[in-house]
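Shown here: target-v2.tsv, TSV, C-alpha atoms.
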```
chain	number	residue	atom	x	y	z
A	347	MET	CA	-170.19	85.35	-104.43
A	348	GLU	CA	-166.46	85.56	-104.05
A	349	ALA	CA	-165.28	89.06	-103.14
A	350	GLY	CA	-161.69	89.57	-104.18
A	351	CYS	CA	-161.41	86.72	-106.68
A	352	GLY	CA	-158.25	88.00	-108.34
A	353	ASP	CA	-157.59	86.04	-111.53
A	354	GLY	CA	-160.21	83.43	-110.59
A	355	PHE	CA	-157.78	80.58	-109.97
A	356	PHE	CA	-159.45	79.46	-106.74
A	357	SER	CA	-162.90	80.41	-108.04
A	358	ARG	CA	-162.73	77.46	-110.41
A	359	ILE	CA	-162.15	75.12	-107.48
A	360	VAL	CA	-165.07	76.51	-105.48
A	361	ARG	CA	-167.36	76.52	-108.51
A	362	GLN	CA	-167.13	72.74	-108.70
A	363	ALA	CA	-168.91	72.50	-105.33
A	364	VAL	CA	-171.64	75.16	-105.70
A	365	GLY	CA	-174.58	75.68	-108.04
A	366	SER	CA	-173.35	79.02	-109.36
A	367	LEU	CA	-170.66	81.55	-108.56
A	368	VAL	CA	-170.09	85.26	-109.12
A	369	GLY	CA	-166.46	86.30	-108.80
A	370	VAL	CA	-165.80	89.98	-108.06
A	371	ASP	CA	-162.58	91.97	-107.99
A	372	PHE	CA	-161.76	95.67	-108.29
A	373	ASP	CA	-158.85	94.96	-110.65
A	374	ALA	CA	-160.11	94.92	-114.24
A	375	ASP	CA	-156.95	93.17	-115.49
A	376	PHE	CA	-157.54	90.28	-113.08
A	377	ILE	CA	-161.18	90.01	-114.17
A	378	GLU	CA	-160.25	89.96	-117.87
A	379	SER	CA	-157.75	87.20	-117.16
A	380	ALA	CA	-160.37	85.24	-115.22
A	381	LYS	CA	-162.95	85.64	-118.00
A	382	ALA	CA	-160.46	84.31	-120.55
A	383	LEU	CA	-160.22	81.03	-118.62
A	384	VAL	CA	-163.94	80.37	-118.00
A	385	SER	CA	-165.05	76.98	-119.27
A	386	ASP	CA	-168.47	75.71	-120.29
A	387	ARG	CA	-168.17	73.01	-117.65
A	388	TRP	CA	-167.57	75.40	-114.75
A	389	ASP	CA	-169.06	78.73	-115.78
A	390	ILE	CA	-168.45	81.69	-113.47
A	391	ASP	CA	-169.83	85.21	-113.76
A	392	PHE	CA	-166.78	87.46	-113.25
A	393	ARG	CA	-167.41	91.15	-112.55
A	394	THR	CA	-165.24	94.19	-111.97
A	395	HIS	CA	-166.43	96.04	-108.88
A	396	ASP	CA	-165.00	97.97	-105.94
A	397	PHE	CA	-166.93	97.34	-102.70
A	398	LEU	CA	-165.88	100.75	-101.42
A	399	ASP	CA	-168.05	102.22	-104.21
A	400	GLY	CA	-171.26	100.29	-103.46
A	401	LYS	CA	-172.93	96.90	-103.48
A	402	VAL	CA	-172.88	94.25	-106.19
A	403	GLU	CA	-176.11	93.68	-108.10
A	404	GLY	CA	-177.98	90.47	-107.37
A	405	SER	CA	-178.62	88.42	-104.26
A	406	PHE	CA	-176.53	85.66	-102.76
A	407	ASP	CA	-177.01	82.78	-100.31
A	408	ALA	CA	-173.32	82.86	-99.42
A	409	ILE	CA	-170.44	85.30	-99.73
A	410	TYR	CA	-166.80	84.64	-99.07
A	411	SER	CA	-163.79	86.92	-99.08
A	412	MET	CA	-160.31	85.62	-98.43
A	413	ASP	CA	-157.24	87.85	-98.25
A	414	VAL	CA	-159.10	91.13	-98.84
A	415	LEU	CA	-159.97	92.77	-95.51
A	416	GLU	CA	-156.32	93.25	-94.56
A	417	HIS	CA	-155.98	95.59	-97.57
A	418	ILE	CA	-158.92	97.81	-96.54
A	419	ARG	CA	-158.11	100.80	-94.34
A	420	SER	CA	-159.74	100.50	-90.91
A	421	GLN	CA	-161.65	103.74	-91.48
A	422	ASP	CA	-163.17	102.17	-94.65
A	423	GLU	CA	-163.96	98.71	-93.26
A	424	HIS	CA	-167.58	99.49	-92.26
A	425	ARG	CA	-168.35	100.78	-95.77
A	426	PHE	CA	-166.60	97.77	-97.30
A	427	ILE	CA	-168.40	95.23	-95.10
A	428	SER	CA	-171.79	96.95	-95.45
A	429	ASN	CA	-171.52	96.93	-99.25
A	430	LEU	CA	-170.24	93.35	-99.19
A	431	LEU	CA	-173.22	92.20	-97.13
A	432	ALA	CA	-175.90	94.28	-98.90
A	433	PRO	CA	-176.82	91.54	-101.43
A	434	LEU	CA	-176.79	88.72	-98.83
A	435	GLU	CA	-180.06	86.83	-98.43
A	436	PRO	CA	-181.48	86.91	-94.86
A	437	HIS	CA	-180.52	83.26	-94.30
A	438	GLY	CA	-177.10	83.72	-95.89
A	439	VAL	CA	-173.67	82.75	-94.64
A	440	VAL	CA	-170.46	84.77	-94.92
A	441	ILE	CA	-166.87	83.56	-94.64
A	442	ILE	CA	-164.09	86.12	-94.23
A	443	GLY	CA	-160.43	85.19	-93.97
A	444	CYS	CA	-157.49	87.41	-93.15
A	445	PRO	CA	-153.89	87.01	-91.99
A	446	SER	CA	-153.63	87.42	-88.23
A	447	LEU	CA	-152.02	90.46	-86.66
A	448	GLU	CA	-149.63	88.11	-84.86
A	449	SER	CA	-148.41	86.66	-88.17
A	450	GLN	CA	-147.22	90.03	-89.41
A	451	ALA	CA	-144.03	89.79	-87.34
A	452	TYR	CA	-142.98	87.07	-89.82
A	453	ALA	CA	-144.31	88.66	-93.03
A	454	SER	CA	-141.98	89.78	-95.78
A	455	PRO	CA	-141.59	93.56	-96.13
A	456	GLN	CA	-143.57	93.46	-99.39
A	457	SER	CA	-146.43	91.53	-97.81
A	458	ALA	CA	-146.47	93.63	-94.64
A	459	ALA	CA	-146.62	96.85	-96.66
A	460	GLY	CA	-149.99	95.88	-98.15
A	461	HIS	CA	-151.41	94.37	-94.97
A	462	ILE	CA	-152.69	97.54	-93.36
A	463	ASN	CA	-155.64	96.09	-91.42
A	464	CYS	CA	-154.74	92.72	-89.91
A	465	LYS	CA	-156.49	91.81	-86.69
A	466	THR	CA	-156.18	89.44	-83.79
A	467	GLN	CA	-158.67	86.61	-83.80
A	468	GLU	CA	-160.69	88.27	-81.03
A	469	ASP	CA	-160.72	91.61	-82.89
A	470	SER	CA	-161.93	89.79	-86.03
A	471	ARG	CA	-164.69	88.13	-84.03
A	472	GLN	CA	-165.77	91.40	-82.43
A	473	LEU	CA	-165.84	93.13	-85.81
A	474	MET	CA	-168.05	90.47	-87.36
A	475	LEU	CA	-170.35	90.40	-84.31
A	476	LYS	CA	-171.34	93.94	-85.26
A	477	TYR	CA	-172.92	92.46	-88.40
A	478	PHE	CA	-173.94	88.92	-87.33
A	479	HIS	CA	-175.50	87.29	-84.30
A	480	THR	CA	-173.36	84.17	-84.70
A	481	VAL	CA	-169.65	84.12	-85.57
A	482	PHE	CA	-167.53	80.95	-85.53
A	483	MET	CA	-163.79	81.59	-85.54
A	484	PHE	CA	-161.23	79.22	-86.99
A	485	SER	CA	-157.45	79.42	-87.15
A	486	MET	CA	-155.14	78.27	-89.86
A	487	ASN	CA	-151.47	77.39	-89.67
A	488	ASP	CA	-149.82	76.12	-92.81
A	489	GLU	CA	-152.61	74.04	-94.41
A	490	VAL	CA	-154.30	73.00	-91.14
A	491	VAL	CA	-157.61	74.62	-90.13
A	492	HIS	CA	-158.42	74.33	-86.43
A	493	THR	CA	-160.19	75.98	-83.50
A	494	GLY	CA	-156.99	76.23	-81.50
A	495	PHE	CA	-155.26	79.03	-79.68
A	496	GLY	CA	-155.92	82.22	-81.67
A	497	LYS	CA	-152.70	83.99	-80.66
A	498	MET	CA	-150.73	81.31	-82.50
A	499	SER	CA	-152.84	81.51	-85.64
A	500	ASN	CA	-151.27	82.64	-88.90
A	501	TYR	CA	-154.66	83.17	-90.53
A	502	ASN	CA	-158.11	83.80	-89.09
A	503	ILE	CA	-161.37	82.67	-90.66
A	504	ALA	CA	-164.76	83.95	-89.51
A	505	VAL	CA	-167.85	81.94	-90.48
A	506	CYS	CA	-170.84	84.22	-89.90
A	507	CYS	CA	-174.60	83.69	-89.95
A	508	GLU	CA	-177.81	85.31	-88.70
A	509	GLN	CA	-177.13	88.77	-90.09
A	510	ARG	CA	-178.07	91.68	-87.85
A	511	THR	CA	-180.22	94.54	-89.11
A	512	ASN	CA	-179.37	98.21	-88.53
A	513	THR	CA	-175.61	97.79	-88.28
A	514	LYS	CA	-173.51	100.85	-87.61
A	515	PRO	CA	-169.73	101.22	-87.32
```
Rendering of file as structure tokens:
Amino acid sequence: MEAGCGDGFFSRIVRQAVGSLVGVDFDADFIESAKALVSDRWDIDFRTHDFLDGKVEGSFDAIYSMDVLEHIRSQDEHRFISNLLAPLEPHGVVIIGCPSLESQAYASPQSAAGHINCKTQEDSRQLMLKYFHTVFMFSMNDEVVHTGFGKMSNYNIAVCCEQRTNTKP
């Protein structure tokens, strides 16, 4: 499942490498646009849903969410993450990506205005450790993904597995 799929542009790329894909976004206009471009060759189940309102129906081996968490208020992040993870199979993997807090010094005013919950790499890791036993952190600068120095990262990616039970904020 892709949480925050927008118009589904990148969903079509991911779908080519997985058996099936559900793309979810809270914006109904984006979902309608994505549905209009679905092909028989790479079918994707696009759904309108807000993770602050509850979980998505179904169960998933993997969930990824890129460029979403930074738009969720910190006081709502536990509800968002709990609902995001609710349909994850016990052996499932989650990937969450978000611009780094350090990168915001270079963000445009328009971008910075919507990025209300960016985190340092260590803060991202600590957040995800509340929900998973194992969290691998990666950095991204330009188009290069690496395990380098987190304070110089423009974008942080958490790869999470071994979901914890009984998670609380």
Counting all atoms listed in the file, the residue among A:Tyr452, A:Phe397, A:Phe426, A:Trp388 that lies closest to Val370 of chain A is A:Phe397
Find the residue from A:Val414, A:Ser366, A:Lys381, A:Gly404 that sits nearest to Gly350 of chain A; use only C-alpha atoms when measuring. A:Val414
A:Pro445, A:Cys464, A:Arg393, A:Ala458 ranked by distance to Ser499 of chain A, top pick (using only C-alpha atoms):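 Of all the options, A:Pro445 lies closest to Ser499 of chain A.
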Please list as a ChimeraX atom specification every residue within 6 Å of Leu447 of chain A, counting all atoms listed in the file and excluding residues in the same chain fewer than 2 positions away. /A:449-450,464-466
Pull C-alpha atoms from the residues just selected and write them as a short mmCIF file (atom, residue, chain, number, x, y, z; two decimals), in the coordinates of the input.
```
data_model
loop_
_atom_site.label_atom_id
_atom_site.label_comp_id
_atom_site.auth_asym_id
_atom_site.auth_seq_id
_atom_site.Cartn_x
_atom_site.Cartn_y
_atom_site.Cartn_z
CA SER A 449 -148.41 86.66 -88.17
CA GLN A 450 -147.22 90.03 -89.41
CA CYS A 464 -154.74 92.72 -89.91
CA LYS A 465 -156.49 91.81 -86.69
CA THR A 466 -156.18 89.44 -83.79
#
```
Using all atoms listed in the file: which of A:Arg419, A:Arg425, A:His479, A:Lys401 has the shortest distance to Val439 of chain A: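 Between A:Arg419, A:Arg425, A:His479, A:Lys401, the residue approaching Val439 of chain A most closely is A:His479.
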Interatomic distance between atom CA of Phe406 of chain A and atom CA of Leu367 of chain A?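 That distance, rounded to one decimal, is 9.2 Å.
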When you draw a straight line from atom CA of Gln456 of chain A to atom CA of His424 of chain A, how long is it in Å?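 Separating atom CA of Gln456 of chain A from atom CA of His424 of chain A is a distance of 25.8 Å.
Between Glu378 of chain A and the candidates A:Asp353, A:Asp407, A:Asp391, A:Asp396, the tightest atom-to-atom separation, counting only C-alpha atoms, involves A:Asp353.
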Pick the closest to Val440 of chain A from A:Leu398, A:Ile462, A:Met483, A:Ile418: which is it, counting all atoms listed in the file?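 Smallest distance to Val440 of chain A is found for A:Met483.
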Excluding same-chain residues fewer than 2 positions from Ala380 of chain A, what lies within 10 Å of it counting all atoms listed in the file, as a PyMOL selection string? chain A and resi 351-355+357-358+369+374-378+382-384+390-393
Could you write those residues out with C-alpha atoms, as a JSON list (two decimals), in the coordinates of the input?
```
[["chain", "number", "residue", "atom", "x", "y", "z"],
["A", 351, "CYS", "CA", -161.41, 86.72, -106.68],
["A", 352, "GLY", "CA", -158.25, 88.00, -108.34],
["A", 353, "ASP", "CA", -157.59, 86.04, -111.53],
["A", 354, "GLY", "CA", -160.21, 83.43, -110.59],
["A", 355, "PHE", "CA", -157.78, 80.58, -109.97],
["A", 357, "SER", "CA", -162.90, 80.41, -108.04],
["A", 358, "ARG", "CA", -162.73, 77.46, -110.41],
["A", 369, "GLY", "CA", -166.46, 86.30, -108.80],
["A", 374, "ALA", "CA", -160.11, 94.92, -114.24],
["A", 375, "ASP", "CA", -156.95, 93.17, -115.49],
["A", 376, "PHE", "CA", -157.54, 90.28, -113.08],
["A", 377, "ILE", "CA", -161.18, 90.01, -114.17],
["A", 378, "GLU", "CA", -160.25, 89.96, -117.87],
["A", 382, "ALA", "CA", -160.46, 84.31, -120.55],
["A", 383, "LEU", "CA", -160.22, 81.03, -118.62],
["A", 384, "VAL", "CA", -163.94, 80.37, -118.00],
["A", 390, "ILE", "CA", -168.45, 81.69, -113.47],
["A", 391, "ASP", "CA", -169.83, 85.21, -113.76],
["A", 392, "PHE", "CA", -166.78, 87.46, -113.25],
["A", 393, "ARG", "CA", -167.41, 91.15, -112.55]]
```
Give me, as a list in words, all polymer residues having an atom no more than 12 Å from His492 of chain A, counting only C-alpha atoms and skipping those fewer than 3 positions away in the same chain.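 So, after excluding close chain neighbours, the residues are Phe482, Met483, Phe484, Ser485, Met486, Asn487, Asp488, Glu489, Phe495, Gly496, Met498, Ser499, Asn500, Tyr501, Asn502, Ile503 and Ala504 of chain A.
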Which distance in Å separates atom CA of Lys497 of chain A and atom CA of Leu473 of chain A, to one decimal? 16.8 Å
